[in-house]
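Raw contents of run31.txt, compact mmCIF, C-alpha atoms:
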```txt
# COMPACT_ATOMS: atom_id res chain seq x y z
CA MET A 5 0.00 0.00 0.00
CA GLY A 6 1.15 3.54 -0.58
CA ALA A 7 3.06 5.42 2.03
CA ALA A 8 0.58 8.26 2.14
CA VAL A 9 -2.10 6.52 4.17
CA SER A 10 -3.77 9.26 6.12
CA GLY A 11 -5.47 8.52 9.42
CA LEU A 12 -9.03 7.48 9.07
CA GLY A 13 -10.23 10.30 11.26
CA GLU A 14 -9.94 13.62 9.48
CA GLY A 15 -9.60 13.67 5.69
CA ALA A 16 -6.77 15.62 4.09
CA ASN A 17 -9.38 17.61 2.22
CA GLY A 18 -10.60 19.01 5.50
CA SER A 19 -14.18 18.22 4.69
CA GLY A 20 -14.77 17.28 8.29
CA MET A 21 -16.86 14.38 7.08
CA GLY A 22 -14.01 11.94 7.43
CA PRO A 23 -11.70 10.67 4.75
CA SER A 24 -12.87 10.62 1.16
CA LEU A 25 -11.89 9.73 -2.36
CA GLY A 26 -9.26 12.45 -2.41
CA ASP A 27 -7.33 10.65 0.31
CA ILE A 28 -6.90 7.39 -1.52
CA PRO A 29 -3.20 6.72 -1.99
CA GLU A 30 -1.80 6.26 -5.47
CA SER A 31 -1.37 2.51 -5.14
CA CYS A 32 -5.04 2.14 -4.28
CA VAL A 33 -6.11 4.34 -7.19
CA ALA A 34 -4.04 2.09 -9.42
CA CYS A 35 -6.17 -0.83 -8.22
CA VAL A 36 -9.35 1.08 -9.10
CA PHE A 37 -7.91 1.80 -12.54
CA MET A 38 -7.76 -1.92 -13.28
CA TYR A 39 -11.55 -1.64 -13.52
CA LEU A 40 -11.57 1.30 -15.91
CA THR A 41 -10.79 1.62 -19.61
CA PRO A 42 -7.83 3.61 -20.96
CA PRO A 43 -9.94 6.62 -21.98
CA GLN A 44 -11.59 6.61 -18.54
CA ILE A 45 -8.17 6.48 -16.88
CA CYS A 46 -6.82 9.31 -19.04
CA ASN A 47 -9.89 11.37 -18.18
CA LEU A 48 -9.13 11.03 -14.47
CA ALA A 49 -5.39 11.68 -14.66
CA ARG A 50 -5.83 15.37 -13.88
CA LEU A 51 -8.04 14.84 -10.83
CA ASN A 52 -5.23 15.12 -8.32
CA ARG A 53 -1.65 13.99 -7.86
CA ALA A 54 -2.50 10.52 -6.63
CA PHE A 55 -4.69 9.96 -9.67
CA ARG A 56 -2.07 11.32 -12.00
CA GLY A 57 0.57 9.03 -10.57
CA ALA A 58 -1.69 6.02 -10.79
CA ALA A 59 -2.63 6.95 -14.37
CA SER A 60 1.03 6.60 -15.33
CA SER A 61 1.62 3.37 -13.45
CA ASP A 62 3.21 0.57 -15.45
CA SER A 63 1.22 -2.11 -13.63
CA VAL A 64 -2.06 -0.50 -14.73
CA TRP A 65 -1.07 -0.22 -18.37
CA GLU A 66 0.54 -3.62 -18.53
CA SER A 67 -2.89 -5.02 -17.69
CA LYS A 68 -4.42 -3.12 -20.61
CA LEU A 69 -1.87 -4.24 -23.21
CA PRO A 70 -2.26 -7.62 -24.92
CA PRO A 71 0.13 -10.18 -23.46
CA ASN A 72 2.14 -10.29 -26.68
CA PHE A 73 2.34 -6.53 -27.25
CA GLN A 74 6.04 -6.95 -28.01
CA ASP A 75 5.04 -8.66 -31.27
CA LEU A 76 3.38 -5.41 -32.32
CA LEU A 77 6.36 -3.32 -31.20
CA ASP A 78 8.65 -5.57 -33.24
CA LEU A 79 6.96 -4.20 -36.37
CA LEU A 80 8.36 -0.77 -35.54
CA PRO A 81 11.96 0.43 -35.53
CA ALA A 82 13.40 -0.03 -32.03
CA GLU A 83 14.09 3.66 -31.47
CA ARG A 84 10.34 4.35 -31.65
CA TYR A 85 9.62 2.40 -28.49
CA GLN A 86 12.85 2.31 -26.50
CA ASN A 87 12.51 3.70 -22.99
CA LEU A 88 8.77 4.19 -23.28
CA SER A 89 6.55 3.60 -20.29
CA LYS A 90 3.82 1.01 -20.64
CA LYS A 91 1.32 3.84 -20.96
CA ASP A 92 3.26 5.39 -23.81
CA ILE A 93 3.51 2.00 -25.46
CA PHE A 94 -0.26 1.67 -25.27
CA ALA A 95 -0.69 5.14 -26.79
CA LEU A 96 1.81 4.28 -29.53
CA LEU A 97 0.07 1.03 -30.46
CA CYS A 98 -3.36 2.65 -30.63
CA ARG A 99 -2.26 4.23 -33.88
CA PRO A 100 -2.07 1.87 -36.86
CA VAL A 101 1.23 0.02 -37.10
CA PRO A 102 1.96 -0.71 -40.76
CA PHE A 103 3.70 -3.83 -41.99
CA ASP A 104 4.08 -5.86 -45.16
CA HIS A 105 5.21 -2.78 -47.12
CA GLY A 106 2.34 -0.76 -45.73
CA ASN A 107 -0.27 -3.10 -47.17
CA LYS A 108 -1.37 -4.25 -43.75
CA GLU A 109 -1.82 -2.46 -40.48
CA ALA A 110 -2.51 -3.54 -36.93
CA TRP A 111 -3.56 -1.47 -33.95
CA LEU A 112 -5.02 -1.69 -30.46
CA ASP A 113 -8.56 -0.59 -29.89
CA ARG A 114 -8.09 2.25 -27.43
CA VAL A 115 -11.01 1.30 -25.22
CA THR A 116 -10.45 -2.44 -24.89
CA GLY A 117 -6.79 -2.83 -25.89
CA ARG A 118 -7.69 -5.62 -28.27
CA VAL A 119 -5.82 -6.16 -31.52
CA CYS A 120 -7.43 -5.14 -34.82
CA MET A 121 -6.14 -5.45 -38.34
CA ALA A 122 -6.82 -4.14 -41.82
CA ILE A 123 -5.41 -5.51 -45.06
CA SER A 124 -5.37 -3.32 -48.13
CA ALA A 125 -6.53 -4.49 -51.55
CA ARG A 126 -2.92 -3.85 -52.55
CA GLY A 127 -1.93 -6.62 -50.17
CA MET A 128 -4.20 -9.11 -51.92
CA ALA A 129 -3.84 -11.13 -55.10
CA ILE A 130 -6.50 -9.83 -57.49
CA THR A 131 -6.91 -11.65 -60.79
CA GLY A 132 -6.32 -9.25 -63.66
CA ILE A 133 -5.25 -6.38 -61.43
CA ASP A 134 -2.55 -5.33 -63.86
CA ASP A 135 -4.90 -5.10 -66.81
CA ARG A 136 -6.30 -1.60 -66.96
CA ARG A 137 -9.25 -2.80 -69.03
CA TYR A 138 -10.40 -4.58 -65.88
CA TRP A 139 -8.99 -2.88 -62.78
CA ASN A 140 -7.75 0.57 -61.80
CA TRP A 141 -6.51 2.10 -58.58
CA ILE A 142 -8.44 5.11 -57.33
CA PRO A 143 -6.77 7.36 -54.78
CA THR A 144 -9.24 8.31 -52.05
CA GLU A 145 -9.49 9.52 -48.47
CA GLU A 146 -12.33 7.09 -47.91
CA SER A 147 -9.81 4.28 -47.46
CA ARG A 148 -7.36 4.08 -44.58
CA PHE A 149 -4.85 2.92 -47.21
CA ASN A 150 -5.58 5.96 -49.39
CA SER A 151 -6.51 3.99 -52.48
CA VAL A 152 -9.02 1.37 -53.51
CA ALA A 153 -9.16 -1.06 -56.40
CA TYR A 154 -11.95 -0.26 -58.84
CA LEU A 155 -13.29 -2.99 -61.08
CA GLN A 156 -14.64 -1.73 -64.36
CA GLN A 157 -15.59 -5.08 -65.84
CA ILE A 158 -14.38 -8.70 -65.74
CA TRP A 159 -15.66 -12.26 -66.07
CA TRP A 160 -13.31 -13.89 -63.61
CA PHE A 161 -13.66 -11.99 -60.35
CA GLU A 162 -11.26 -13.37 -57.77
CA VAL A 163 -9.53 -11.75 -54.82
CA ASP A 164 -7.26 -13.84 -52.59
CA GLY A 165 -5.15 -13.02 -49.59
CA VAL A 166 -3.29 -14.44 -46.64
CA VAL A 167 -2.04 -13.03 -43.37
CA LYS A 168 0.22 -14.62 -40.79
CA PHE A 169 0.16 -12.81 -37.46
CA PRO A 170 0.41 -13.60 -33.74
CA PHE A 171 -3.15 -12.60 -32.87
CA PRO A 172 -3.73 -12.70 -29.12
CA ALA A 173 -6.44 -15.00 -27.77
CA ASP A 174 -9.86 -13.73 -28.84
CA THR A 175 -12.68 -14.37 -31.30
CA TYR A 176 -12.26 -12.41 -34.51
CA THR A 177 -14.63 -11.43 -37.31
CA LEU A 178 -13.33 -11.26 -40.87
CA SER A 179 -15.05 -8.92 -43.31
CA PHE A 180 -14.47 -7.36 -46.73
CA ARG A 181 -15.16 -3.67 -47.21
CA LEU A 182 -16.77 -3.10 -50.59
CA HIS A 183 -18.56 -0.32 -52.43
CA LEU A 184 -20.88 -0.74 -55.36
CA GLY A 185 -20.38 2.08 -57.84
CA ARG A 186 -17.61 4.56 -58.36
CA PHE A 187 -17.53 7.66 -56.16
CA SER A 188 -16.00 11.08 -56.52
CA LYS A 189 -16.38 14.64 -55.30
CA ARG A 190 -18.11 17.21 -57.48
CA LEU A 191 -18.21 20.72 -56.14
CA GLY A 192 -17.67 19.45 -52.61
CA ARG A 193 -20.43 16.88 -52.76
CA ARG A 194 -20.00 13.13 -52.93
CA VAL A 195 -21.29 11.74 -56.19
CA CYS A 196 -21.73 8.10 -57.20
CA ASN A 197 -21.52 6.72 -60.68
CA PHE A 198 -23.02 3.34 -61.54
CA GLU A 199 -22.26 3.26 -65.26
CA HIS A 200 -20.13 0.12 -64.87
CA THR A 201 -22.16 -1.52 -62.11
CA HIS A 202 -23.63 -4.75 -63.46
CA GLY A 203 -23.71 -8.50 -63.02
CA TRP A 204 -23.83 -8.69 -59.23
CA ASP A 205 -27.52 -9.48 -59.19
CA ILE A 206 -27.18 -12.50 -61.45
CA LYS A 207 -25.10 -14.78 -59.25
CA PRO A 208 -23.81 -14.25 -55.71
CA VAL A 209 -20.19 -13.73 -54.76
CA ARG A 210 -18.66 -16.50 -52.65
CA PHE A 211 -16.70 -15.38 -49.59
CA GLU A 212 -14.40 -17.81 -47.80
CA PHE A 213 -11.70 -18.01 -45.22
CA SER A 214 -9.69 -20.82 -43.65
CA ASN A 215 -7.27 -20.97 -40.77
CA SER A 216 -4.03 -22.74 -40.07
CA ASP A 217 -5.82 -24.76 -37.39
CA GLY A 218 -8.67 -25.88 -39.60
CA GLN A 219 -11.31 -23.28 -38.81
CA GLN A 220 -13.12 -22.10 -41.89
CA ALA A 221 -16.30 -20.56 -43.15
CA SER A 222 -17.87 -19.61 -46.43
CA CYS A 223 -20.97 -17.74 -47.45
CA GLU A 224 -22.55 -16.15 -50.46
CA PHE A 225 -23.98 -12.70 -50.98
CA PHE A 226 -25.56 -10.94 -53.91
CA LEU A 227 -23.72 -7.64 -53.99
CA ASP A 228 -26.54 -5.92 -55.87
CA ASP A 229 -30.27 -6.07 -55.32
CA THR A 230 -31.88 -8.54 -57.69
CA GLU A 231 -35.06 -6.50 -57.79
CA ARG A 232 -34.28 -2.88 -58.16
CA ASP A 233 -37.10 -0.94 -56.64
CA ASP A 234 -37.03 2.69 -57.73
CA ILE A 235 -39.37 3.76 -54.96
CA ASN A 236 -37.43 2.35 -52.03
CA GLY A 237 -33.99 2.81 -53.52
CA ASN A 238 -31.18 0.32 -53.70
CA HIS A 239 -29.48 0.13 -50.31
CA LYS A 240 -26.54 -1.83 -51.60
CA ARG A 241 -25.36 0.89 -53.92
CA GLY A 242 -23.34 3.97 -53.19
CA CYS A 243 -22.11 3.13 -49.71
CA TRP A 244 -19.38 1.12 -48.06
CA ILE A 245 -20.60 -2.26 -46.86
CA ASP A 246 -18.77 -4.74 -44.63
CA TYR A 247 -19.41 -8.25 -45.86
CA LYS A 248 -18.82 -10.60 -42.98
CA VAL A 249 -17.10 -13.79 -44.06
CA GLY A 250 -17.11 -15.50 -40.69
CA GLU A 251 -15.48 -15.76 -37.29
CA PHE A 252 -12.48 -17.64 -35.98
CA VAL A 253 -11.19 -18.30 -32.50
CA VAL A 254 -7.58 -17.82 -31.48
CA SER A 255 -6.53 -19.49 -28.26
CA GLY A 256 -3.12 -17.83 -28.01
CA SER A 257 -0.49 -15.93 -29.94
CA GLU A 258 1.53 -19.11 -30.28
CA PRO A 259 1.48 -20.83 -32.66
CA VAL A 260 1.17 -17.86 -35.01
CA THR A 261 -2.23 -17.73 -36.72
CA GLU A 262 -2.36 -17.88 -40.49
CA VAL A 263 -5.60 -16.96 -42.25
CA ARG A 264 -6.37 -17.36 -45.93
CA PHE A 265 -9.34 -15.49 -47.34
CA SER A 266 -10.98 -14.94 -50.70
CA MET A 267 -13.97 -13.69 -52.58
CA LYS A 268 -14.86 -15.07 -55.98
CA GLN A 269 -17.42 -14.83 -58.68
CA ILE A 270 -15.93 -16.82 -61.51
CA ASP A 271 -18.99 -17.84 -63.47
CA CYS A 272 -17.81 -16.78 -66.89
CA THR A 273 -21.20 -16.77 -68.52
CA HIS A 274 -21.73 -13.26 -67.26
CA SER A 275 -19.47 -10.30 -66.66
CA LYS A 276 -19.56 -8.09 -63.61
CA GLY A 277 -18.17 -4.69 -62.76
CA GLY A 278 -18.55 -1.29 -61.14
CA LEU A 279 -17.20 -2.31 -57.74
CA CYS A 280 -14.62 -0.83 -55.36
CA VAL A 281 -12.58 -3.16 -53.18
CA ASP A 282 -11.03 -1.37 -50.23
CA SER A 283 -9.79 -3.83 -47.66
CA LEU A 284 -10.32 -6.75 -45.37
CA PHE A 285 -10.83 -6.25 -41.65
CA ILE A 286 -10.04 -8.66 -38.85
CA ILE A 287 -11.65 -7.25 -35.73
CA PRO A 288 -12.51 -8.88 -32.39
CA SER A 289 -16.13 -9.96 -32.71
CA ASP A 290 -17.22 -8.24 -29.47
CA LEU A 291 -15.83 -4.94 -30.72
CA LYS A 292 -17.68 -5.24 -33.97
CA LYS A 293 -20.92 -5.76 -32.11
CA LEU A 294 -20.31 -2.79 -29.82
CA LYS A 295 -19.49 -0.52 -32.74
CA ARG A 296 -22.56 -1.57 -34.63
CA ARG A 297 -24.73 -0.71 -31.65
CA GLY A 298 -23.07 2.69 -31.56
CA VAL A 299 -21.61 2.09 -28.12
CA LEU A 300 -18.03 2.55 -29.17
CA LYS A 301 -16.82 5.14 -31.64
CA MET B 9 -6.76 -24.85 3.89
CA SER B 10 -5.31 -26.77 6.84
CA SER B 11 -5.68 -30.49 6.90
CA SER B 12 -7.66 -30.55 10.15
CA LYS B 13 -10.60 -28.25 10.75
CA SER B 14 -9.24 -25.85 13.32
CA ASN B 15 -11.57 -24.30 15.88
CA LYS B 16 -8.97 -21.74 16.68
CA ILE B 17 -10.13 -18.25 17.46
CA VAL B 18 -8.37 -15.19 16.08
CA LYS B 19 -8.51 -11.98 18.08
CA LEU B 20 -8.39 -8.63 16.36
CA GLU B 21 -8.27 -5.08 17.70
CA SER B 22 -9.41 -2.12 15.65
CA SER B 23 -7.80 1.33 15.60
CA ASP B 24 -10.39 2.54 18.11
CA ASN B 25 -9.62 -0.32 20.50
CA LYS B 26 -12.60 -2.55 19.84
CA THR B 27 -11.83 -6.25 19.98
CA PHE B 28 -13.34 -8.88 17.76
CA GLU B 29 -13.06 -12.61 18.05
CA VAL B 30 -13.67 -14.75 14.98
CA GLU B 31 -13.03 -18.32 13.95
CA GLU B 32 -9.84 -18.89 12.02
CA ALA B 33 -11.82 -19.98 8.97
CA VAL B 34 -13.46 -16.56 8.89
CA ALA B 35 -10.25 -14.62 9.52
CA VAL B 36 -8.26 -16.33 6.79
CA GLN B 37 -10.60 -14.91 4.15
CA SER B 38 -8.14 -12.07 4.58
CA GLU B 39 -4.87 -12.96 2.88
CA THR B 40 -3.05 -10.66 5.26
CA LEU B 41 -4.44 -12.45 8.32
CA LYS B 42 -3.96 -15.83 6.68
CA ASN B 43 -0.26 -15.09 6.27
CA MET B 44 -0.05 -14.16 9.93
CA VAL B 45 -1.81 -17.34 10.97
CA ASP B 46 0.44 -19.44 8.75
CA ASP B 47 3.50 -17.72 10.15
CA GLY B 48 2.36 -18.39 13.69
CA CYS B 49 1.90 -14.70 14.51
CA ALA B 50 -1.78 -14.94 15.32
CA ASN B 51 -1.66 -16.29 18.85
CA ASP B 52 -2.12 -12.94 20.56
CA THR B 53 -4.52 -10.18 19.67
CA ILE B 54 -3.65 -8.74 16.29
CA PRO B 55 -3.74 -4.95 16.26
CA LEU B 56 -5.17 -3.31 13.14
CA PRO B 57 -4.33 0.38 13.48
CA ASN B 58 -5.49 1.03 9.93
CA VAL B 59 -9.05 -0.16 10.39
CA ASN B 60 -11.69 1.30 12.71
CA GLY B 61 -14.24 -0.78 14.59
CA LYS B 62 -17.21 0.02 12.38
CA ILE B 63 -15.41 -0.98 9.21
CA LEU B 64 -13.77 -4.03 10.77
CA GLU B 65 -17.16 -5.26 11.90
CA MET B 66 -18.43 -4.90 8.31
CA VAL B 67 -15.46 -6.75 6.86
CA LEU B 68 -15.77 -9.57 9.38
CA GLY B 69 -19.48 -9.75 8.63
CA TRP B 70 -18.63 -10.25 4.97
CA CYS B 71 -16.09 -12.93 5.79
CA LYS B 72 -18.53 -14.77 8.07
CA LYS B 73 -21.19 -14.75 5.37
CA HIS B 74 -18.79 -16.25 2.89
CA VAL B 75 -17.89 -19.26 5.04
CA ASP B 76 -21.48 -19.90 6.07
CA GLU B 77 -22.51 -23.00 4.18
CA THR B 78 -26.21 -22.41 4.81
CA VAL B 79 -26.24 -19.29 2.67
CA THR B 80 -27.50 -19.88 -0.88
CA GLY B 81 -25.95 -18.40 -4.01
CA ASP B 82 -28.87 -16.03 -4.47
CA GLU B 83 -28.76 -14.90 -0.85
CA LEU B 84 -25.06 -14.25 -1.19
CA ASN B 85 -25.54 -12.18 -4.34
CA LYS B 86 -28.19 -10.07 -2.65
CA TYR B 87 -26.00 -9.69 0.43
CA GLU B 88 -23.07 -8.53 -1.67
CA ALA B 89 -25.18 -6.03 -3.59
CA ASP B 90 -26.75 -4.57 -0.43
CA PHE B 91 -23.38 -4.54 1.29
CA LEU B 92 -22.00 -1.98 -1.09
CA ASP B 93 -24.87 0.43 -0.71
CA LEU B 94 -22.79 2.71 1.49
CA ASP B 95 -22.10 6.34 1.97
CA GLN B 96 -18.87 7.79 0.75
CA ALA B 97 -16.95 7.78 4.03
CA ASP B 98 -17.76 4.13 4.68
CA LEU B 99 -16.93 3.20 1.11
CA TYR B 100 -13.58 4.86 1.38
CA GLY B 101 -12.88 3.21 4.76
CA LEU B 102 -13.93 -0.14 3.34
CA LEU B 103 -11.66 0.30 0.34
CA MET B 104 -8.64 0.94 2.52
CA ALA B 105 -9.52 -1.92 4.87
CA ALA B 106 -10.23 -4.45 2.11
CA ASN B 107 -6.96 -3.45 0.43
CA PHE B 108 -4.94 -3.76 3.64
CA LEU B 109 -6.58 -6.97 4.78
CA ASN B 110 -6.62 -8.27 1.20
CA VAL B 111 -10.05 -9.90 1.24
CA LYS B 112 -10.13 -10.72 -2.43
CA GLY B 113 -13.86 -10.97 -3.24
CA LEU B 114 -14.64 -7.89 -1.17
CA LEU B 115 -11.81 -5.88 -2.64
CA ASP B 116 -12.94 -6.69 -6.19
CA ARG B 117 -16.45 -5.53 -5.39
CA VAL B 118 -15.36 -2.33 -3.68
CA LEU B 119 -12.93 -1.43 -6.46
CA GLN B 120 -15.65 -2.02 -9.04
CA ARG B 121 -18.03 0.15 -7.04
CA VAL B 122 -15.56 3.00 -6.77
CA ALA B 123 -14.75 2.65 -10.47
CA ASP B 124 -18.44 2.79 -11.38
CA MET B 125 -18.87 5.93 -9.32
CA ILE B 126 -16.12 7.87 -11.04
CA LYS B 127 -16.15 6.69 -14.63
CA GLY B 128 -17.79 8.85 -17.21
CA LYS B 129 -17.64 11.95 -15.05
CA LYS B 130 -15.47 14.96 -15.71
CA PRO B 131 -12.82 15.62 -13.06
CA GLU B 132 -14.53 18.91 -12.16
CA GLU B 133 -17.72 17.05 -11.37
CA ILE B 134 -15.93 14.40 -9.33
CA ARG B 135 -14.12 17.05 -7.31
CA ARG B 136 -17.43 18.69 -6.57
CA ILE B 137 -19.26 15.51 -5.64
CA PHE B 138 -16.50 14.01 -3.53
CA ASN B 139 -15.05 17.25 -2.24
CA ILE B 140 -11.59 16.61 -3.65
CA LYS B 141 -8.94 19.28 -3.66
CA ASN B 142 -7.33 20.07 -6.98
CA ASP B 143 -3.64 20.10 -6.13
CA PHE B 144 -2.53 21.18 -9.60
CA THR B 145 -1.88 24.63 -10.96
CA PRO B 146 -3.89 25.49 -14.09
CA GLU B 147 -0.70 25.13 -16.15
CA GLU B 148 0.00 21.68 -14.73
CA GLU B 149 -3.55 20.61 -15.37
CA GLU B 150 -3.38 21.79 -18.97
CA GLU B 151 -0.14 19.88 -19.43
CA ILE B 152 -1.79 16.70 -18.16
CA ARG B 153 -4.78 17.26 -20.39
CA LEU B 154 -2.50 17.49 -23.42
CA GLU B 155 -0.44 14.44 -22.58
CA ASN B 156 -3.62 12.38 -22.28
CA ALA B 157 -5.37 13.75 -25.35
CA TRP B 158 -4.35 10.71 -27.41
CA ALA B 159 -7.01 8.63 -25.66
CA PHE B 160 -9.79 10.83 -27.02
CA ASP B 161 -8.80 11.42 -30.64
```
For this file, produce the structure as structure tokens.
Amino acid sequence: MGAAVSGLGEGANGSGMGPSLGDIPESCVACVFMYLTPPQICNLARLNRAFRGAASSDSVWESKLPPNFQDLLDLLPAERYQNLSKKDIFALLCRPVPFDHGNKEAWLDRVTGRVCMAISARGMAITGIDDRRYWNWIPTEESRFNSVAYLQQIWWFEVDGVVKFPFPADTYTLSFRLHLGRFSKRLGRRVCNFEHTHGWDIKPVRFEFSNSDGQQASCEFFLDDTERDDINGNHKRGCWIDYKVGEFVVSGSEPVTEVRFSMKQIDCTHSKGGLCVDSLFIIPSDLKKLKRRGVLK
Amino acid sequence: MSSSKSNKIVKLESSDNKTFEVEEAVAVQSETLKNMVDDGCANDTIPLPNVNGKILEMVLGWCKKHVDETVTGDELNKYEADFLDLDQADLYGLLMAANFLNVKGLLDRVLQRVADMIKGKKPEEIRRIFNIKNDFTPEEEEEIRLENAWAFD
């Protein structure tokens, strides 16, 4: 316990009511902080000196970091994290840490400290990506990777990828972020163009993933509405949609998890096009649920 | 747990000189007291200058309830919930006592209760509600605000 234990008679705040929250020693505040999230802790750091001290305590922040946080730090040059306190390490890892030539990034969710990942379309194997009759890269702020792959038209639509990463124990949801139609800014307003959008209502796209330990899932989605209703509007067009492929469970960061994922529509009797492929997300399933309910930002 | 069921009594004295006698099984709910018992230091009255009589009685009540085999799970849950319905001074005293005596289940509950009371409130509000002195200068406080801004981006 901290050295500053005041007598239990009169509080240091002189309230006359007896000791109060302001008299709790730093070590005790640190215990309370184990029950709060990082943003809550940072909010309380300026309450008084005991709270500030506890808010910088390594033991508190070590409990918020994933057990294998060093694996994330290893993606950065050593000088970025040398001599940092555990709190500073947490702050550092809340910002995306790029790897694989910047085609992938990992970060800690700042509320829960859980590991999240995004993989750019540039980090995936896309059939025909080099043929400008089929695919083009569009620079955009709407992607965290600053560009998305735009499909004009193709018969063989296939996107494959793999990631090998020491995910800490958790249940993760895998999803592709796609956008039907091409978007741009005209006079400050966002405008969508569907001139190339076709074929997605004829057959569904097949989404799959499989894991190094045998977990797998697959599902099919029509990316476009099969009945286009002019009155109600087509909710699949003109916005970013996360297509959930499935979930997988990681029991620990060793052995390293390897996930293969793909989406395909290779029925060559019909062509398809007018689609933006941004990225794939691997996010703890609980987090995804909380974000969807609007609980977390 | 000792191999034979001991009927030994442990004697405790609070900071305001009240004595309490409890069975060893009750006392060892406190890790601190358990260590003393194991080390053979619990033969005389154990002084607890950090804990007053009122709080010690509460803590011992908690410990007794948790070794009572006639208490059902539901009764225990209700007891625990009602237990923490305290005013600020008692909550603070209980926090310090549970921490010092290291009564795990109780400490978890009290810490959670304190955490629930302060989360989501601005420091200004907490200072007002709990009558806490701001021992920072405005400059210091601003500096702390800036160094913690990363959590709110």
I need the residue nearest chain B from this list: A:Leu294, A:Ile270, A:Val152, A:Ala49. Use only C-alpha atoms for the distance. A:Ala49
Polymer residues at most 9 Å from stretch 48-56 of chain B, only C-alpha atoms, same-chain spacing of 5 or more positions, as a PyMOL selection string: chain B and resi 17-23+25+27+41-43+64
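Closest approach to A:Glu66 from the set A:Tyr39, A:Trp111, A:Phe94, A:Trp244 is made by A:Phe94, with distances taken over only C-alpha atoms.
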Could you work out how far atom CA of A:Val254 lies from atom CA of A:Ala173, giving the answer in Å with one decimal? 4.8 Å
Work out how far apart atom CA of B:Trp158 and atom CA of A:Pro42 are and give it in Å to one decimal. 10.2 Å
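Rounded to one decimal, atom CA of A:Gln86 and atom CA of A:Asp62 lie 14.8 Å from each other.
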Could you name the residues that touch A:Trp65 at 12 Å or less, counting all atoms listed in the file, but leaving out those on the same chain fewer than 5 positions away, as a list in words? Ala34, Cys35, Phe37, Met38, Tyr39, Leu40, Thr41, Pro42, Pro43, Ile45, Cys46, Ala58, Ala59, Ser60, Pro70, Pro71, Phe73, Leu88, Ser89, Lys90, Lys91, Asp92, Ile93, Phe94, Ala95, Arg114, Thr116 and Gly117 of chain A
Compute the set of chain B residues within 8 Å of chain A, using all atoms listed in the file, and express it as JSON, numbers by chain. {"B": [58, 59, 60, 96, 97, 100, 101, 104, 107, 108, 119, 120, 122, 123, 127, 128, 130, 131, 132, 135, 138, 139, 140, 141, 142, 143, 144, 149, 152, 153, 156, 157, 158, 159, 160]}
Find, counting all atoms listed in the file, the residue in A:Ala125, A:Ile130, A:Leu191, A:Leu76 that gets nearest to A:Leu112. A:Leu76
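Comparing the minimum interatomic distances between A:Asp282 and each of A:Leu80, A:Arg190, A:Ile133, A:Asp246, counting only C-alpha atoms, we find that A:Asp246 sits nearest.
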Specify the axis-aligned box that encloses all atoms of stretch 198-206 of chain A listed in the file after padding of 3 Å on each side, stating its centre and edge lengths in Å to one decimal as AutoDock Vina command-line options.
```
--center_x -23.8 --center_y -4.6 --center_z -62.2 --size_x 13.4 --size_y 21.8 --size_z 12.1
```
Set the distance at 7 Å and use all atoms listed in the file: which residues neighbour A:Leu184 once local chain neighbours fewer than 6 positions away are removed? I'd like the list as a count of residues only. 8
Neighbours of B:Val36 within 10 Å (only C-alpha atoms; same-chain residues fewer than 2 positions away dropped), as an MDAnalysis selection string? chainID B and resid 9 18 30:34 38:46 71 109:111
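Each of A:Asn238, A:Ser151, A:Gln220, A:Asn215 was checked against A:Gly185 using all atoms listed in the file; the smallest atom-to-atom distance is that of A:Asn238.
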Distance query B:Leu84 at most 8 Å, only C-alpha atoms, self and fewer than 4 positions along chain excluded, as a short mmCIF file (atom, residue, chain, number, x, y, z; two decimals) with C-alpha atoms, in the coordinates of the input:
```
data_model
loop_
_atom_site.label_atom_id
_atom_site.label_comp_id
_atom_site.auth_asym_id
_atom_site.auth_seq_id
_atom_site.Cartn_x
_atom_site.Cartn_y
_atom_site.Cartn_z
CA LYS B 73 -21.19 -14.75 5.37
CA HIS B 74 -18.79 -16.25 2.89
CA VAL B 79 -26.24 -19.29 2.67
CA THR B 80 -27.50 -19.88 -0.88
CA GLU B 88 -23.07 -8.53 -1.67
#
```
B:Glu29, B:Leu92, B:Lys129, B:Ile134 ranked by distance to B:Asp116, top pick (using only C-alpha atoms): B:Leu92
